[in-house]
Each structure stands twice: as C-alpha cells, then as structure tokens.
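Data block below; observations after.
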Amino acid sequence: MKTYSQLPTYEPDQLRMGYWLKTLWPYLMEYRYRVLLALLCLVAAKLASVGMPFLLKYQVDHLSQVNNAVAEDWWLWFPLGLLLAYGAVRFLNVLMGEIRDVLFGRVTERAMRRMSLKLFRHLHSLSLSFHLDRQTGALQRDIERGTNGISFLMRFFVFNIGPTLLELVLVIGLLLANYPPVFALITLIAVVAYVGYSIKMTEWRTRYVRQAAQADSTTHARALDSLLNYETVKYFTAETREANAYDSALADWEQARRKNRLTLFGLNAGQALIITLAMTSMLLFAAYYVVIGRMTLGDFTLVNAFMFQLFLPLNFLGFVYREIKASMANIERMFELLDETPTVADTGQQPLVVNQGKVEFNAVDFAYNAERPILKQLNLTLEAGKTLAVVGSSGAGKSTLTKLLFRFYDVNQGSVLIDGIAIDQVPQQQLRQQLGIVPQESVLFNDTLKNNLLYAKPDASDEELQRVISMAQLDHLLSHAKDGWHTRVGERGLKLSGGEKQRVAIARMLLKKPAIMVFDEATSSLDSHTERGIMDAIRQVSAGHTALIIAHRLSTVVEADNIAVLEDGQIVEQGSHATLMNKRGRYFQLWQMQQEAEK
C-alpha cells in the first residue's frame with residue numbers, strides 16, 4: 001500500500017487538457033444558461049473595450065481643431081456627444097464584467113462545493129490502510145488548494161484565455177485595416193515573443209511552484225501533528241524540540257518560496273521588457289507618421305490607447321498562464337487522491353439480514369504484510385446470543401479479528417461469515433450497520449455530549465438517550481455537569497476521563513442497537529476500579545446479545561460463555577473459565593502470570 005507521501009506525481013503534460021475539460025464540463029453544463037449569459041456579457045464588454053480608443057481618437061481630432069474656432073463659439077465645438085459616448089462605453093465595459101462575474105460566481109462556487117464533497121466522500125470510501133499512512137495536515141492543505149485551483153481553472157479558462165485571444169485578434173485586425181501594416185506586424189511579433197517567453201519560463205519554474213506547495217503542505221502537517229499531540233509534547237517537555245522541527249520545516253518552505261519568487265522575477269522582468277520594446281516601437285512609428293502627415297494626433301492617441309489596452313490583457317494572459325500552471329501543480333494531489341482506489345473493494349450485492357447473529361472465522365489467513373503473518377488457518381465461532389472472549393498475549397492478533405469483522409481489511413485466505421453469509425458478499429454499509437463497537441480508546445467529536453451520542457442515531461428521542469445513558473451508567477456524569485448533556489467534551493473528548501469516554505462509547509453503541517456487539521480491549525487503559533464498573537456495564541448491556549470481547553486482563557472475562565486463547569495467530573484452546581483452568585494449559589499460565597503481577 002502506498003503512503004500518502006508516496007503517491008505518484010504527475011508531470012504537467014500528463015495532466016492532459018481533455019482530462020480537465022472532462023472533469024469540469026459537467027459543472028459548466030449544470031448552469032449552461034448562466035454560462036451562456038456570462039459569455040454574452042463578456043462579448044459585449046470586449047466590443048466596448050475595442051470601441052473606446054476610436055471614441056478617444058475622434059475626441060482628440062475634434063478638440064485639435066478648437067484653436068481655429070472663435071472663442072465665443074466654443075460650445076459649437078464642444079464634443080459633448082463623444083464624451084458622453086466614451087463614458088457610457090467605459091461604464092458598459094465595467095458593468096458587463098461585473099454582471100459576468102455575478103452570473104458565473106454561482107457556477108464556480110457550486111463546482112467547488114461538488115468537488116469538495118466528491119473528494120470528501122472518496123476519502124471516506126478509502127480503506128483503513130490509507131488513513132493510517134496519511135498526514136492529516138498535508139492532506140487538508142492539499143484539498144484546500146485543489147478546490148481553489150478548480151475554481152481558478154474554471155473561471156480563467158472560460159473568461160480569460162479565449163476572450164484575451166479574441167481581443168488580440170480584433171486589435172491586430174483593426175490596426176491592419178486602418179493603419180500602415182508595421183503596427184500590426186509589431187503587435188504580432190510582440191504577442192508571439194511574449195507568449196513564447198511566458199510558456200518557456202513558466203514551464204521551467206513550475207517545479208519550483210510544486211516544491212513550494214509541497215513545503216507548505218509539510219509545514220502545515222508538522223504544525224497540526226504537534227498540536228494534536230499537545231499532551232505528549234508536554235509529557236516529554238519537547239516544546240523546544242517541536243519548535244525546532246517546525247522551524248526546520250519553515251526553513252525549507254522559506255527556501256522554496258525564495259526560489260519561486262526569484263524565478264517569478266525573471267519571468268516578470270522579461271515580459272516587461274518585451275512589452276516596453278513593443279510599445280516604444282509603436283509610439284516611434286506613430287509619431288513619425290504624425291510628423292509626415294499620414295496620421296493625426298487622434299490616431300497617435302488611438303495607437304497609444306490600443307497598446308495599453310492590448311498589453312494589459314496580454315500581461316494578464318501571462319499571469320493566467322502562470323496561475324494555471326501553478327493551479328495544476330497545486331491540485332495534482334487532489335486528482336491523485338481521486339485516483340486512489342480502496343484496497344478493500346465494496347462490491348458486495350447480497351443483502352444482510354441478521355436473524356441470529358452467529359459469526360464464524362473459517363480457516364482464516366491474514367497478514368498486514370507478507371513478511372509477518374498475523375492469523376494462520378484460524379477457526380473460531382461466535383454463537384448467536386452468546387459472549388465470546390478472545391484473550392492472549394500482545395501481538396497475537398486479537399484486535400485484528402475486529403478489523404476483519406468490520407472489513408477494514410480482507411482476509412488473505414478463508415472466510416468470515418455472519419449467519420452463513422460471507423461478509424465480502426455484503427455491502428459494507430449494511431455490514432457495519434449490524435455491528436457496534438466500543439474501542440480501546442474512544443475518540444469523540446469536539447461537540448456536546450448529546451451530539452456525540454446522537455452520532456449513532458441522529459433521530460433518537462430524548463427518552464432513548466436517557467435510556468442508554470442509564471444503561472451505560474452515565475447518570476453520575478450528567479448530574480455533576482453544569483450543562484448536562486449539552487456539556488462540550490473537548491478535542492477528541494479530552495475533557496472527560498477515560499472511564500467516562502468509555503461509558504459514552506457504550507451508550508453510543510447501545511443507541512445504535514447493533515445485532516452484534518464488539519468490545520475491543522475496552523478497559524485495558526483504565527484503572528481497576530473503573531474497569532470493574534465498565535465491565536459490569538458491558539455484562540449488563542451484552543446479556544442476551546451476540547458479543548465479542550477482546551481482552552488483555554483475564555479477570556474481566558471470567559463470566560463469558562466461551563473463552564478462546566489466541567497465540568501466534570491460532571486458537572490453542574477454548575472453553576469456559578472453569579474448563580480452561582482445569583486444563584492447566586496456556587490460559588492457566590496466563591492467569592497465573594497476571595495474578596502474580598497484581599500481587
């Protein structure tokens with residue numbers, strides 16, 4: 001299984017334009033009429049834009065004749081209509097651009113929402129092995145940049161690249177039709193040189209953009225990991241060490257940003273030089289033609305205005321191209337995530353209706369990696385309505401049974417059955433709806449106690465909540481909490497004690513009403529007094545239900561209907577507590593060792 005940091009990195013040419021269009025096209029078509037209206041507004045804005053220099057020319061030519069007029073007749077020469085027309089066209093240019101943005105804003109925002117939701121669902125569909133390898137901070141940062149990159153690509157592909165090229169064609173055509181060909185020729189050469197230089201330089205600096213993005217993700221991942229493990233940092237007085245590690249990541253980020261900035265300077269300087277040479281050449285020729293009488297002052301003004309008007313979008317086109325390349329580099333990770341496939345395929349179609357709740361592990365082989373097998377031809381049966389406890393030394397594979405039952409992993413060989421149905425033939429949602437678990441460490445959401453309970457059943461009534469609270473013996477916690485079940489539990493539930501979190505987990509499982517209950521070392525991290533209370537609650541709530549208890553301390557499972565001893569991936573013996581003690585086998589040895597250790 002590849003770790004998140006080992007996912008393949010695609011080069012820009014691998015991110016084919018067809019792939020982007022195929023991805024973005026459905027979002028454009030969802031609001032096709034908005035997109036069409038926005039395009040019409042854009043065309044109107046561009047037509048107004050190329051019309052303004054001509055209105056300015058006519059004003060200058062008209063005003064240049066004022067010196068020949070009689071002073072008292074100035075109002076006859078005042079170009080009121082041209083000035084009003086110029087103002088109206090300029091306002092129309094701006095207004096159409098704003099309307100375009102308003103119309104298309106809904107399209108980009110919906111695309112960002114849909115892409116974020118698609119990725120969020122995809123991440124939840126990935127297997128446990130992926131999430132064990134991920135770096136949450138880096139992953140979150142990559143998702144954020146990726147969705148913003150999608151918005152940028154949609155907006156600028158539709159409204160900047162094509163329209164800018166259209167405006168360039170219109171300007172070159174108008175210059176060629178109305179003035180000597182040298183102006184169109186200079187413009188064409190400048191455009192070709194500008195675009196060629198921008199593409200070449202941008203391709204060269206893309207790797208620095210990617211390095212800066214990677215350093216940014218690494219920095220955020222380091223900070224988030226450190227803050228999530230705040231208590232561990234304090235336990236080991238590692239504040240300085242963490243600060244140094246974070247500063248080291250920031251130093252890499254700083255260096256990557258410096259390289260990015262220096263290469264951007266080279267790009268911008270070269271673009272500015274091309275634009276300056278082109279504008280200077282155009283104005284030199286315009287001035288020459290004015291002097292020899294082939295052009296008027298209005299024409300000189302028009303050429304100057306066209307140059308500003310032409311190179312502004314051209315300069316913006318360079319910016320857009322740079323940003324598109326940067327966006328492609330930024331969202332590579334997001335598309336790699338979407339390409340990531342679950343190692344446990346959810347292809348089951350057979351419905352699962354649990355009538356009895358019998359669970360069978362038949363000749364199961366399993367290994368997280370081929371070099372270290374965990375389970376070896378394991379055969380184990382959990383009878384319906386009974387409690388099965390699995391005990392054994394650490395590393396024997398006890399908790400692995402839970403992961404296989406929930407299908408976080410698939411067995412390498414053999415099968416896991418519920419009421420005779422292989423769980424790999426059942427949709428994972430249906431399977432997990434029938435299972436409830438109290439894990440070794442219950443991680444709660446940073447929300448109220450009530451909302452954490454309702455996570456198991458969002459539509460549960462207050463009466464149902466009160467019932468499971470009583471069954472899980474949470475009444476004492478609620479009676480002493482100032483806000484009752486509206487008390488906030490803190491990040492990962494850290495405001496609660498270990499025993500309180502386990503009771504919340506038990507109540508949450510009871511609210512779900514699962515057909516099969518699993519307790520995965522639910523008391524291993526608790527003190528003896530709390531452990532006895534939790535085990536009393538577990539015995540009470542599991543009575544009459546199919547229950548699997550994974551336990552380390554044997555004293556907690558003496559009342560189980562059946563106890564299986566797991567060693568080196570195999571069941572070495574099983575039976576009731578009394579039966580296994582009489583056998584004086586491995587269970588007896590473990591019992592004796594634990595009794596000695598507790599003295």
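Ligands are numbered from 1 in the order shown, residues from 1 within each chain, and chains are lettered A, B, ... in the order they appear in the structure tokens.
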
Would you kindly return, as a list in words, each protein, DNA or RNA residue with an atom no farther than 9 Å from any atom of Val411 in chain A, considering only C-alpha atoms and excluding same-chain residues fewer than 3 positions away?
-> Val364, Asp365, Phe366, Ala367, Leu404, Arg407, Gly414, Ser415 and Val416 of chain A

Return as a Markdown table the residues of range 160-232 of chain A lying at most 10 Å from range 331-342 of chain A, together with the closest atom-to-atom pair for each and the distance in Å to one decimal, counting only C-alpha atoms, with rows in chain order and ascending residue number.
| residue | atom | partner | partner_atom | distance |
| --- | --- | --- | --- | --- |
| A:Arg210 | CA | A:Glu332 | CA | 9.4 |
| A:Ala213 | CA | A:Ile331 | CA | 9.8 |
| A:Gln214 | CA | A:Arg333 | CA | 9.8 |

Closest to Ala564 in chain A among A:Lys118, A:Lys398, A:Lys457, A:Lys513, using only C-alpha atoms?
->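 For Ala564 in chain A, the nearest of the given residues is A:Lys398.
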
For range 587-591 of chain A, please output as a PyMOL selection string all residues within 9 Å (counting only C-alpha atoms; exclusion window: fewer than 3 positions along the same chain).
-> chain A and resi 391-393+553-555+564-565+573-574+577+580-584+594-596

Keeping all heavy atoms, export the residues of the selection given above as a short mmCIF file (atom, residue, chain, number, x, y, z; two decimals), in the first residue's frame.
data_model
loop_
_atom_site.label_atom_id
_atom_site.label_comp_id
_atom_site.auth_asym_id
_atom_site.auth_seq_id
_atom_site.Cartn_x
_atom_site.Cartn_y
_atom_site.Cartn_z
N VAL A 391 -8.65 -13.95 24.25
CA VAL A 391 -7.54 -13.48 25.08
C VAL A 391 -6.25 -14.02 24.48
O VAL A 391 -6.24 -14.88 23.62
CB VAL A 391 -7.71 -13.95 26.54
CG1 VAL A 391 -9.00 -13.40 27.14
CG2 VAL A 391 -7.68 -15.48 26.62
N GLY A 392 -5.16 -13.49 24.99
CA GLY A 392 -3.85 -13.92 24.50
C GLY A 392 -2.83 -12.84 24.76
O GLY A 392 -3.15 -11.72 25.20
N SER A 393 -1.59 -13.15 24.49
CA SER A 393 -0.52 -12.17 24.71
C SER A 393 -0.57 -11.08 23.65
O SER A 393 -1.23 -11.22 22.62
CB SER A 393 0.84 -12.88 24.67
OG SER A 393 0.99 -13.61 23.45
N ARG A 553 -6.74 -8.42 30.16
CA ARG A 553 -6.82 -8.91 31.53
C ARG A 553 -7.89 -9.99 31.62
O ARG A 553 -9.08 -9.73 31.36
CB ARG A 553 -7.10 -7.75 32.50
CG ARG A 553 -5.89 -6.86 32.70
CD ARG A 553 -6.04 -6.00 33.94
NE ARG A 553 -6.90 -4.86 33.70
CZ ARG A 553 -6.46 -3.65 33.33
NH1 ARG A 553 -5.15 -3.47 33.13
NH2 ARG A 553 -7.29 -2.67 33.15
N LEU A 554 -7.48 -11.18 32.03
CA LEU A 554 -8.39 -12.33 32.05
C LEU A 554 -9.48 -12.19 33.09
O LEU A 554 -10.58 -12.75 32.94
CB LEU A 554 -7.59 -13.62 32.31
CG LEU A 554 -6.42 -13.90 31.36
CD1 LEU A 554 -5.85 -15.29 31.65
CD2 LEU A 554 -6.84 -13.80 29.92
N SER A 555 -9.22 -11.43 34.15
CA SER A 555 -10.22 -11.30 35.21
C SER A 555 -11.49 -10.61 34.73
O SER A 555 -12.53 -10.71 35.38
CB SER A 555 -9.61 -10.51 36.38
OG SER A 555 -9.19 -9.22 35.94
N ALA A 564 -11.66 -17.98 24.13
CA ALA A 564 -10.71 -18.56 23.18
C ALA A 564 -9.34 -17.94 23.41
O ALA A 564 -9.21 -16.72 23.52
CB ALA A 564 -11.16 -18.30 21.74
N VAL A 565 -8.32 -18.78 23.49
CA VAL A 565 -6.96 -18.30 23.70
C VAL A 565 -6.25 -18.27 22.35
O VAL A 565 -6.12 -19.31 21.68
CB VAL A 565 -6.20 -19.21 24.68
CG1 VAL A 565 -4.78 -18.67 24.90
CG2 VAL A 565 -6.95 -19.33 25.99
N GLU A 573 -6.62 -23.05 22.55
CA GLU A 573 -7.61 -23.72 23.38
C GLU A 573 -8.80 -22.80 23.60
O GLU A 573 -8.68 -21.58 23.48
CB GLU A 573 -7.02 -24.14 24.73
CG GLU A 573 -6.45 -23.00 25.55
CD GLU A 573 -5.83 -23.50 26.86
OE1 GLU A 573 -5.86 -24.72 27.11
OE2 GLU A 573 -5.31 -22.67 27.61
N GLN A 574 -9.95 -23.37 23.93
CA GLN A 574 -11.13 -22.57 24.22
C GLN A 574 -12.09 -23.34 25.11
O GLN A 574 -12.07 -24.59 25.17
CB GLN A 574 -11.82 -22.11 22.94
CG GLN A 574 -12.28 -23.20 22.00
CD GLN A 574 -12.96 -22.61 20.77
OE1 GLN A 574 -13.83 -21.75 20.88
NE2 GLN A 574 -12.54 -23.08 19.60
N HIS A 577 -14.29 -20.43 31.62
CA HIS A 577 -13.18 -20.13 32.53
C HIS A 577 -12.84 -21.36 33.37
O HIS A 577 -11.65 -21.73 33.50
CB HIS A 577 -13.57 -18.95 33.43
CG HIS A 577 -12.60 -18.70 34.54
ND1 HIS A 577 -11.36 -18.16 34.34
CD2 HIS A 577 -12.70 -18.95 35.89
CE1 HIS A 577 -10.72 -18.06 35.50
NE2 HIS A 577 -11.52 -18.52 36.46
N LEU A 580 -11.12 -24.13 31.23
CA LEU A 580 -9.74 -23.82 30.86
C LEU A 580 -8.81 -23.86 32.07
O LEU A 580 -7.63 -24.25 31.93
CB LEU A 580 -9.69 -22.43 30.19
CG LEU A 580 -10.38 -22.33 28.83
CD1 LEU A 580 -10.38 -20.89 28.34
CD2 LEU A 580 -9.69 -23.23 27.80
N MET A 581 -9.29 -23.47 33.24
CA MET A 581 -8.45 -23.55 34.44
C MET A 581 -8.16 -25.00 34.78
O MET A 581 -7.04 -25.34 35.21
CB MET A 581 -9.15 -22.85 35.61
CG MET A 581 -9.22 -21.33 35.46
SD MET A 581 -7.60 -20.53 35.46
CE MET A 581 -7.13 -20.75 37.18
N ASN A 582 -9.14 -25.86 34.59
CA ASN A 582 -8.93 -27.27 34.88
C ASN A 582 -7.95 -27.92 33.92
O ASN A 582 -7.25 -28.89 34.27
CB ASN A 582 -10.26 -28.02 34.87
CG ASN A 582 -11.16 -27.64 36.04
OD1 ASN A 582 -10.66 -27.24 37.10
ND2 ASN A 582 -12.47 -27.73 35.86
N LYS A 583 -7.91 -27.43 32.70
CA LYS A 583 -6.98 -27.98 31.70
C LYS A 583 -5.53 -27.68 32.05
O LYS A 583 -4.61 -28.38 31.59
CB LYS A 583 -7.29 -27.40 30.31
CG LYS A 583 -8.49 -28.01 29.63
CD LYS A 583 -8.62 -27.46 28.22
CE LYS A 583 -9.77 -28.11 27.46
NZ LYS A 583 -9.88 -27.58 26.07
N ARG A 584 -5.31 -26.58 32.76
CA ARG A 584 -3.96 -26.14 33.14
C ARG A 584 -3.06 -25.97 31.91
O ARG A 584 -1.91 -26.37 31.90
CB ARG A 584 -3.33 -27.11 34.15
CG ARG A 584 -4.03 -27.12 35.48
CD ARG A 584 -3.37 -28.03 36.48
NE ARG A 584 -3.99 -27.86 37.79
CZ ARG A 584 -3.57 -26.99 38.72
NH1 ARG A 584 -2.53 -26.21 38.46
NH2 ARG A 584 -4.20 -26.90 39.88
N GLN A 594 -0.77 -13.20 35.46
CA GLN A 594 -1.45 -11.95 35.77
C GLN A 594 -1.76 -11.84 37.26
O GLN A 594 -1.68 -10.75 37.84
CB GLN A 594 -2.74 -11.83 34.95
CG GLN A 594 -2.48 -11.61 33.46
CD GLN A 594 -3.74 -11.29 32.69
OE1 GLN A 594 -4.80 -11.07 33.26
NE2 GLN A 594 -3.62 -11.27 31.37
N GLN A 595 -2.10 -12.97 37.89
CA GLN A 595 -2.36 -12.94 39.32
C GLN A 595 -1.08 -12.59 40.09
O GLN A 595 -1.12 -11.83 41.07
CB GLN A 595 -2.91 -14.29 39.79
CG GLN A 595 -4.29 -14.63 39.24
CD GLN A 595 -5.34 -13.63 39.68
OE1 GLN A 595 -5.46 -13.30 40.85
NE2 GLN A 595 -6.10 -13.12 38.72
N GLU A 596 0.04 -13.14 39.64
CA GLU A 596 1.32 -12.81 40.28
C GLU A 596 1.66 -11.34 40.10
O GLU A 596 2.17 -10.69 41.02
CB GLU A 596 2.43 -13.69 39.70
CG GLU A 596 2.37 -15.15 40.10
CD GLU A 596 2.65 -15.36 41.58
OE1 GLU A 596 3.44 -14.56 42.14
OE2 GLU A 596 2.09 -16.29 42.16
#

Which residues come within 12 Å of Ala249 in chain A, counting only C-alpha atoms, excluding same-chain residues fewer than 6 positions away, as a PyMOL selection string?
-> chain A and resi 212+214-223+242-243+255-256
